[in-house]
$ cat target.csv   # CSV, C-alpha atoms
chain,number,residue,atom,x,y,z
A,16,ALA,CA,-14.4,2.4,10.2
A,17,GLN,CA,-11.7,-0.2,9.9
A,18,THR,CA,-8.3,0.4,11.4
A,19,VAL,CA,-5.0,-1.4,11.3
A,20,THR,CA,-2.4,-1.1,14.0
A,21,GLN,CA,1.3,-2.1,13.9
A,22,SER,CA,2.6,-1.5,17.4
A,23,GLN,CA,6.3,-2.1,16.5
A,24,PRO,CA,7.8,0.9,14.6
A,25,GLU,CA,11.1,-1.0,14.4
A,26,MET,CA,12.4,-4.5,14.8
A,27,SER,CA,15.8,-6.1,14.5
A,28,VAL,CA,16.8,-9.7,13.9
A,29,GLN,CA,20.0,-11.6,13.5
A,30,GLU,CA,20.6,-13.3,10.2
A,31,ALA,CA,19.2,-16.8,10.1
A,32,GLU,CA,17.0,-16.2,13.1
A,33,THR,CA,13.2,-15.9,13.3
A,34,VAL,CA,11.3,-12.7,13.9
A,35,THR,CA,7.6,-12.0,14.3
A,36,LEU,CA,5.9,-8.7,13.3
A,37,SER,CA,2.7,-7.8,15.0
A,38,CYS,CA,-0.5,-6.5,13.5
A,39,THR,CA,-4.0,-6.0,14.9
A,40,TYR,CA,-7.0,-4.7,13.2
A,41,ASP,CA,-10.5,-3.6,14.0
A,42,THR,CA,-13.6,-4.4,11.9
A,43,SER,CA,-17.2,-5.4,12.2
A,44,GLU,CA,-17.1,-7.3,9.0
A,45,SER,CA,-16.9,-11.1,8.9
A,46,ASP,CA,-15.6,-11.5,5.4
A,47,TYR,CA,-12.3,-9.7,4.5
A,48,TYR,CA,-8.7,-10.2,3.5
A,49,LEU,CA,-5.5,-9.4,5.2
A,50,PHE,CA,-2.1,-8.8,3.6
A,51,TRP,CA,1.5,-8.2,4.4
A,52,TYR,CA,3.4,-6.0,2.0
A,53,LYS,CA,7.2,-5.4,2.0
A,54,GLN,CA,8.7,-2.1,0.9
A,55,PRO,CA,12.4,-2.3,0.4
A,56,PRO,CA,14.6,0.9,0.0
A,57,SER,CA,13.7,0.8,-3.7
A,58,ARG,CA,10.2,1.9,-2.6
A,59,GLN,CA,8.1,-0.5,-4.5
A,60,MET,CA,5.5,-2.3,-2.5
A,61,ILE,CA,5.6,-6.1,-2.9
A,62,LEU,CA,3.0,-8.5,-1.6
A,63,VAL,CA,4.5,-11.0,0.8
A,64,ILE,CA,1.5,-13.0,1.9
A,65,ARG,CA,-2.3,-12.9,1.9
A,66,GLN,CA,-4.9,-14.5,4.2
A,67,GLU,CA,-8.6,-14.9,3.6
A,68,ALA,CA,-10.6,-14.4,6.8
A,69,TYR,CA,-12.9,-17.3,6.1
A,70,LYS,CA,-9.9,-19.7,6.0
A,71,GLN,CA,-8.9,-21.1,9.4
A,72,GLN,CA,-5.6,-22.4,8.1
A,73,ASN,CA,-2.7,-19.9,8.3
A,74,ALA,CA,-1.2,-18.9,5.1
A,75,THR,CA,2.4,-19.8,4.3
A,76,GLU,CA,4.8,-18.7,1.6
A,77,ASN,CA,8.2,-20.3,1.9
A,78,ARG,CA,10.0,-18.6,4.9
A,79,PHE,CA,7.0,-16.4,5.6
A,80,SER,CA,4.0,-17.5,7.6
A,81,VAL,CA,1.2,-15.8,9.5
A,82,ASN,CA,-0.6,-16.4,12.7
A,83,PHE,CA,-4.1,-15.4,12.1
A,84,GLN,CA,-6.3,-15.1,15.1
A,85,LYS,CA,-9.7,-14.0,13.9
A,86,ALA,CA,-11.4,-13.7,17.3
A,87,ALA,CA,-8.6,-11.6,18.6
A,88,LYS,CA,-8.3,-9.7,15.3
A,89,SER,CA,-4.6,-10.4,15.2
A,90,PHE,CA,-2.5,-11.1,12.1
A,91,SER,CA,1.2,-11.5,12.8
A,92,LEU,CA,3.9,-12.2,10.3
A,93,LYS,CA,6.7,-14.7,11.1
A,94,ILE,CA,9.9,-14.6,9.0
A,95,SER,CA,12.0,-17.7,9.5
A,96,ASP,CA,15.7,-18.0,8.6
A,97,SER,CA,16.0,-14.2,8.1
A,98,GLN,CA,18.1,-13.0,5.3
A,99,LEU,CA,19.8,-9.7,4.6
A,100,GLY,CA,17.4,-9.1,1.8
A,101,ASP,CA,14.5,-9.2,4.2
A,102,ALA,CA,15.5,-5.8,5.6
A,103,ALA,CA,12.6,-3.5,4.6
A,104,MET,CA,9.5,-1.8,5.9
A,105,TYR,CA,6.6,-4.2,6.4
A,106,PHE,CA,3.0,-3.1,6.1
A,107,CYS,CA,0.0,-4.9,7.3
A,108,ALA,CA,-3.2,-4.2,5.3
A,109,TYR,CA,-6.9,-4.9,5.6
A,110,GLY,CA,-9.2,-5.4,2.6
A,111,GLY,CA,-12.9,-5.4,3.1
A,112,SER,CA,-16.1,-4.2,1.6
A,113,GLN,CA,-14.9,-0.7,1.3
A,114,GLY,CA,-13.1,-1.7,-1.8
A,115,ASN,CA,-9.6,-0.6,-1.0
A,116,LEU,CA,-6.7,-1.6,1.3
A,117,ILE,CA,-6.2,0.1,4.7
A,118,PHE,CA,-2.6,0.0,5.7
A,119,GLY,CA,-0.9,0.1,9.1
A,120,LYS,CA,1.9,2.5,9.8
A,121,GLY,CA,4.5,-0.1,9.1
A,122,THR,CA,7.4,-1.8,10.9
A,123,LYS,CA,11.0,-1.2,9.9
A,124,LEU,CA,12.9,-4.5,10.0
A,125,SER,CA,16.7,-4.6,10.2
A,126,VAL,CA,18.7,-7.7,9.7
A,127,LYS,CA,22.1,-8.0,11.3
A,128,PRO,CA,24.8,-10.1,9.7
B,25,ASP,CA,3.8,-7.2,-18.6
B,26,ALA,CA,5.9,-4.2,-17.5
B,27,GLY,CA,3.9,-3.7,-14.3
B,28,VAL,CA,2.4,-0.4,-13.1
B,29,ILE,CA,4.3,2.5,-14.6
B,30,GLN,CA,4.5,5.8,-12.9
B,31,SER,CA,6.1,9.0,-13.9
B,32,PRO,CA,7.9,11.1,-13.0
B,33,ARG,CA,10.0,9.1,-10.5
B,34,HIS,CA,11.1,12.3,-8.8
B,35,GLU,CA,9.6,15.8,-9.0
B,36,VAL,CA,10.9,18.9,-7.3
B,37,THR,CA,8.8,22.0,-7.7
B,38,GLU,CA,8.2,25.3,-6.0
B,39,MET,CA,5.1,26.2,-4.0
B,40,GLY,CA,2.3,27.4,-6.2
B,41,GLN,CA,3.2,25.4,-9.2
B,42,GLU,CA,1.0,22.8,-10.8
B,43,VAL,CA,2.1,19.1,-10.5
B,44,THR,CA,0.9,16.3,-12.6
B,45,LEU,CA,1.7,12.7,-11.8
B,46,ARG,CA,1.0,9.9,-14.3
B,47,CYS,CA,0.1,6.3,-14.0
B,48,LYS,CA,-0.2,3.4,-16.5
B,49,PRO,CA,-1.9,0.4,-14.9
B,50,ILE,CA,-1.4,-3.2,-15.8
B,51,SER,CA,-3.4,-4.1,-18.8
B,52,GLY,CA,-6.7,-5.8,-18.0
B,53,HIS,CA,-6.8,-4.5,-14.4
B,54,ASP,CA,-10.1,-2.8,-13.7
B,55,TYR,CA,-9.2,-1.1,-10.5
B,56,LEU,CA,-6.8,1.8,-10.1
B,57,PHE,CA,-5.7,3.3,-6.8
B,58,TRP,CA,-3.8,6.4,-5.8
B,59,TYR,CA,-2.1,6.4,-2.4
B,60,ARG,CA,0.1,8.9,-0.7
B,61,GLN,CA,2.9,8.0,1.7
B,62,THR,CA,4.3,10.2,4.4
B,63,MET,CA,6.3,9.5,7.5
B,64,MET,CA,3.6,11.0,9.7
B,65,ARG,CA,0.5,9.5,8.2
B,66,GLY,CA,1.8,6.4,6.5
B,67,LEU,CA,-0.1,5.2,3.4
B,68,GLU,CA,-3.3,6.9,2.7
B,69,LEU,CA,-5.8,6.2,0.0
B,70,LEU,CA,-6.6,9.3,-2.0
B,71,ILE,CA,-8.9,7.9,-4.7
B,72,TYR,CA,-9.7,4.8,-6.5
B,73,PHE,CA,-11.4,4.0,-9.9
B,74,ASN,CA,-13.3,1.0,-11.2
B,75,ASN,CA,-13.5,0.7,-15.0
B,76,ASN,CA,-12.3,4.4,-15.2
B,77,VAL,CA,-15.1,5.7,-12.9
B,78,PRO,CA,-14.1,7.3,-9.6
B,79,ILE,CA,-15.6,5.2,-6.8
B,80,ASP,CA,-14.3,6.8,-3.7
B,81,ASP,CA,-12.5,10.1,-3.6
B,82,SER,CA,-13.0,10.8,0.1
B,83,GLY,CA,-9.3,10.7,0.7
B,84,MET,CA,-8.5,13.6,-1.6
B,85,PRO,CA,-7.2,16.2,0.8
B,86,GLU,CA,-8.8,19.3,-0.7
B,87,ASP,CA,-9.9,20.9,-4.0
B,88,ARG,CA,-6.3,21.4,-5.0
B,89,PHE,CA,-6.1,17.7,-5.7
B,90,SER,CA,-7.8,16.2,-8.7
B,91,ALA,CA,-7.6,12.8,-10.5
B,92,LYS,CA,-8.7,11.6,-13.8
B,93,MET,CA,-8.8,8.3,-15.7
B,94,PRO,CA,-9.7,9.1,-19.3
B,95,ASN,CA,-9.2,5.5,-20.4
B,96,ALA,CA,-8.3,2.1,-19.1
B,97,SER,CA,-4.6,2.6,-19.6
B,98,PHE,CA,-3.9,6.0,-18.1
B,99,SER,CA,-4.6,8.1,-15.0
B,100,THR,CA,-3.3,11.4,-13.7
B,101,LEU,CA,-3.2,13.0,-10.3
B,102,LYS,CA,-2.9,16.7,-10.4
B,103,ILE,CA,-2.1,19.2,-7.6
B,104,GLN,CA,-2.8,22.8,-8.3
B,105,PRO,CA,-1.4,24.9,-6.6
B,106,SER,CA,1.1,22.7,-4.8
B,107,GLU,CA,2.1,23.4,-1.2
B,108,PRO,CA,5.1,22.2,0.8
B,109,ARG,CA,2.8,19.9,2.9
B,110,ASP,CA,2.1,18.0,-0.3
B,111,SER,CA,5.6,16.6,-0.3
B,112,ALA,CA,5.3,12.9,-0.2
B,113,VAL,CA,5.6,9.7,-2.2
B,114,TYR,CA,2.6,9.1,-4.4
B,115,PHE,CA,1.8,5.5,-5.4
B,116,CYS,CA,-0.4,4.2,-8.1
B,117,ALA,CA,-1.6,0.6,-7.9
B,118,SER,CA,-3.9,-1.5,-10.0
B,119,SER,CA,-5.8,-4.7,-9.3
B,120,PRO,CA,-7.7,-7.2,-11.5
B,121,ASN,CA,-11.4,-7.8,-11.4
B,122,GLN,CA,-11.3,-9.4,-8.0
B,123,GLY,CA,-10.7,-6.0,-6.5
B,124,ILE,CA,-9.6,-6.2,-2.9
B,125,THR,CA,-9.7,-10.0,-2.9
B,126,GLY,CA,-6.7,-10.0,-5.1
B,127,GLU,CA,-3.3,-8.4,-4.9
B,128,LEU,CA,-2.7,-4.7,-5.4
B,129,PHE,CA,0.2,-4.2,-7.8
B,130,PHE,CA,2.1,-1.0,-7.0
B,131,GLY,CA,4.2,1.2,-9.2
B,132,GLU,CA,7.5,2.5,-8.0
B,133,GLY,CA,6.0,5.7,-6.7
B,134,SER,CA,6.6,9.4,-7.5
B,135,ARG,CA,8.5,11.3,-4.9
B,136,LEU,CA,7.3,14.9,-4.8
B,137,THR,CA,9.1,17.7,-3.1
B,138,VAL,CA,7.5,21.1,-2.9
B,139,LEU,CA,9.9,23.8,-1.9

$ encode --input "target.csv" --output "structure tokens"
Amino acid sequence: AQTVTQSQPEMSVQEAETVTLSCTYDTSESDYYLFWYKQPPSRQMILVIRQEAYKQQNATENRFSVNFQKAAKSFSLKISDSQLGDAAMYFCAYGGSQGNLIFGKGTKLSVKP
Amino acid sequence: DAGVIQSPRHEVTEMGQEVTLRCKPISGHDYLFWYRQTMMRGLELLIYFNNNVPIDDSGMPEDRFSAKMPNASFSTLKIQPSEPRDSAVYFCASSPNQGITGELFFGEGSRLTVL
């Protein structure tokens, strides 16, 4: 069975600085997708970024980028120029042949002004 | 589109009572998912549907939980009888034809408290 591990329960970053959230996963599949979701205090889950496993190029969405290391089964999220609005829970998720998303336990990100 | 709509937003009930959570997916989305979120266990998939048919219900905790999708625009998650350990936030999400290759669109969740 696939698993997703986020080893950092909490992280903190200074406003305007850069922070990296870690995620590792375990799978025997070769074709899959990886996601980072943001959950602000309002509770709604919002997709931040998505990576297809067959693409070697790391995905980028404005200030958000990933470091995808397929062989190491690592999928970290880098947030550049952190803003107060980035404060939230961040969930890493795996999507494979099972048809649903498997989520990690999440990392709570605090942004200090 | 209004997005995925869930109701109620909050529910407080007493142990033993029946609870029904409702979800309206985004029009045109063929996949519907029910997730449960707790501090201890994180986000867990309970069940998901494709074209109104349950595909995987292995995450449903026990017989007290049931889910239905009578048509493409409505789904319910029912707990009967409810227990304090069912207290959690329940999310409904929908996805277009691409399934897991696309984005899951989540509702705002229903926070359930069972006293």

$ closest_residue --input "target.csv" --among "B:Met63, B:Met93, B:Val138, B:Leu45" --to "chain A" --atoms "only C-alpha atoms"
B:Met63

$ residues_around --input "target.csv" --residues "Ser99 of chain B" --least-positions-apart "2" --cutoff "10 Å" --atoms "only C-alpha atoms" --output "PyMOL selection string"
chain B and resi 30+45-49+56-58+73+76+91-97+101-102+116

$ closest_residue --input "target.csv" --among "B:Ala26, B:Ile50, B:Val43, B:Leu70" --to "Ile103 of chain B" --atoms "only C-alpha atoms"
B:Val43

$ atom_distance --input "target.csv" --atom1 "atom CA of Ala31 of chain A" --atom2 "atom CA of Pro55 of chain A"
18.7 Å

$ residues_around --input "target.csv" --residues "Gly121 of chain A" --least-positions-apart "5" --cutoff "8 Å" --atoms "only C-alpha atoms" --output "PDB file with C-alpha atoms, in the coordinates of the input"
ATOM      1  CA  GLN A  21       1.300  -2.100  13.900  1.00  0.00           C
ATOM      2  CA  GLN A  23       6.300  -2.100  16.500  1.00  0.00           C
ATOM      3  CA  PRO A  24       7.800   0.900  14.600  1.00  0.00           C
ATOM      4  CA  MET A 104       9.500  -1.800   5.900  1.00  0.00           C
ATOM      5  CA  TYR A 105       6.600  -4.200   6.400  1.00  0.00           C
ATOM      6  CA  PHE A 106       3.000  -3.100   6.100  1.00  0.00           C
ATOM      7  CA  CYS A 107       0.000  -4.900   7.300  1.00  0.00           C
TER       8      CYS A 107
ATOM      9  CA  GLY B  66       1.800   6.400   6.500  1.00  0.00           C
TER      10      GLY B  66
END

$ closest_residue --input "target.csv" --among "A:Lys85, A:Lys120, A:Lys93, A:Lys53" --to "Tyr69 of chain A" --atoms "all atoms listed in the file"
A:Lys85

$ interface_residues --input "target.csv" --of "chain B" --to "chain A" --cutoff "9 Å" --atoms "only C-alpha atoms" --output "NGL selection string"
:B and (57 or 63-69 or 72 or 79-80 or 115 or 123-133)

$ closest_residue --input "target.csv" --among "B:Gly52, B:Pro105, B:Pro120, B:Pro85" --to "Met39 of chain B" --atoms "all atoms listed in the file"
B:Pro105

$ closest_residue --input "target.csv" --among "B:Asp81, B:Glu35, B:Glu42, B:Glu86" --to "Ser134 of chain B" --atoms "all atoms listed in the file"
B:Glu35

$ closest_residue --input "target.csv" --among "B:Ser111, B:Ser118, B:Asn74, B:Thr100" --to "Leu139 of chain B" --atoms "all atoms listed in the file"
B:Ser111

$ atom_distance --input "target.csv" --atom1 "atom CA of Tyr114 of chain B" --atom2 "atom CA of Asp101 of chain A"
23.5 Å

$ atom_distance --input "target.csv" --atom1 "atom CA of Phe89 of chain B" --atom2 "atom CA of Ser119 of chain B"
22.7 Å

$ residues_around --input "target.csv" --residues "Thr39 of chain A" --least-positions-apart "6" --cutoff "7 Å" --atoms "only C-alpha atoms" --output "ChimeraX atom specification"
/A:19-21,88-90

$ residues_around --input "target.csv" --residues "Ala87 of chain A" --least-positions-apart "6" --cutoff "12 Å" --atoms "all atoms listed in the file" --output "list of chain:residue names"
A:Cys38, A:Thr39, A:Tyr40, A:Asp41, A:Thr42

$ residues_around --input "target.csv" --residues "Val28 of chain A" --least-positions-apart "2" --cutoff "12 Å" --atoms "only C-alpha atoms" --output "PDB file with C-alpha atoms, in the coordinates of the input"
ATOM      1  CA  GLU A  25      11.100  -1.000  14.400  1.00  0.00           C
ATOM      2  CA  MET A  26      12.400  -4.500  14.800  1.00  0.00           C
ATOM      3  CA  GLU A  30      20.600 -13.300  10.200  1.00  0.00           C
ATOM      4  CA  ALA A  31      19.200 -16.800  10.100  1.00  0.00           C
ATOM      5  CA  GLU A  32      17.000 -16.200  13.100  1.00  0.00           C
ATOM      6  CA  THR A  33      13.200 -15.900  13.300  1.00  0.00           C
ATOM      7  CA  VAL A  34      11.300 -12.700  13.900  1.00  0.00           C
ATOM      8  CA  THR A  35       7.600 -12.000  14.300  1.00  0.00           C
ATOM      9  CA  LEU A  36       5.900  -8.700  13.300  1.00  0.00           C
ATOM     10  CA  LYS A  93       6.700 -14.700  11.100  1.00  0.00           C
ATOM     11  CA  ILE A  94       9.900 -14.600   9.000  1.00  0.00           C
ATOM     12  CA  SER A  95      12.000 -17.700   9.500  1.00  0.00           C
ATOM     13  CA  ASP A  96      15.700 -18.000   8.600  1.00  0.00           C
ATOM     14  CA  SER A  97      16.000 -14.200   8.100  1.00  0.00           C
ATOM     15  CA  GLN A  98      18.100 -13.000   5.300  1.00  0.00           C
ATOM     16  CA  LEU A  99      19.800  -9.700   4.600  1.00  0.00           C
ATOM     17  CA  ASP A 101      14.500  -9.200   4.200  1.00  0.00           C
ATOM     18  CA  ALA A 102      15.500  -5.800   5.600  1.00  0.00           C
ATOM     19  CA  ALA A 103      12.600  -3.500   4.600  1.00  0.00           C
ATOM     20  CA  LYS A 123      11.000  -1.200   9.900  1.00  0.00           C
ATOM     21  CA  LEU A 124      12.900  -4.500  10.000  1.00  0.00           C
ATOM     22  CA  SER A 125      16.700  -4.600  10.200  1.00  0.00           C
ATOM     23  CA  VAL A 126      18.700  -7.700   9.700  1.00  0.00           C
ATOM     24  CA  LYS A 127      22.100  -8.000  11.300  1.00  0.00           C
ATOM     25  CA  PRO A 128      24.800 -10.100   9.700  1.00  0.00           C
TER      26      PRO A 128
END
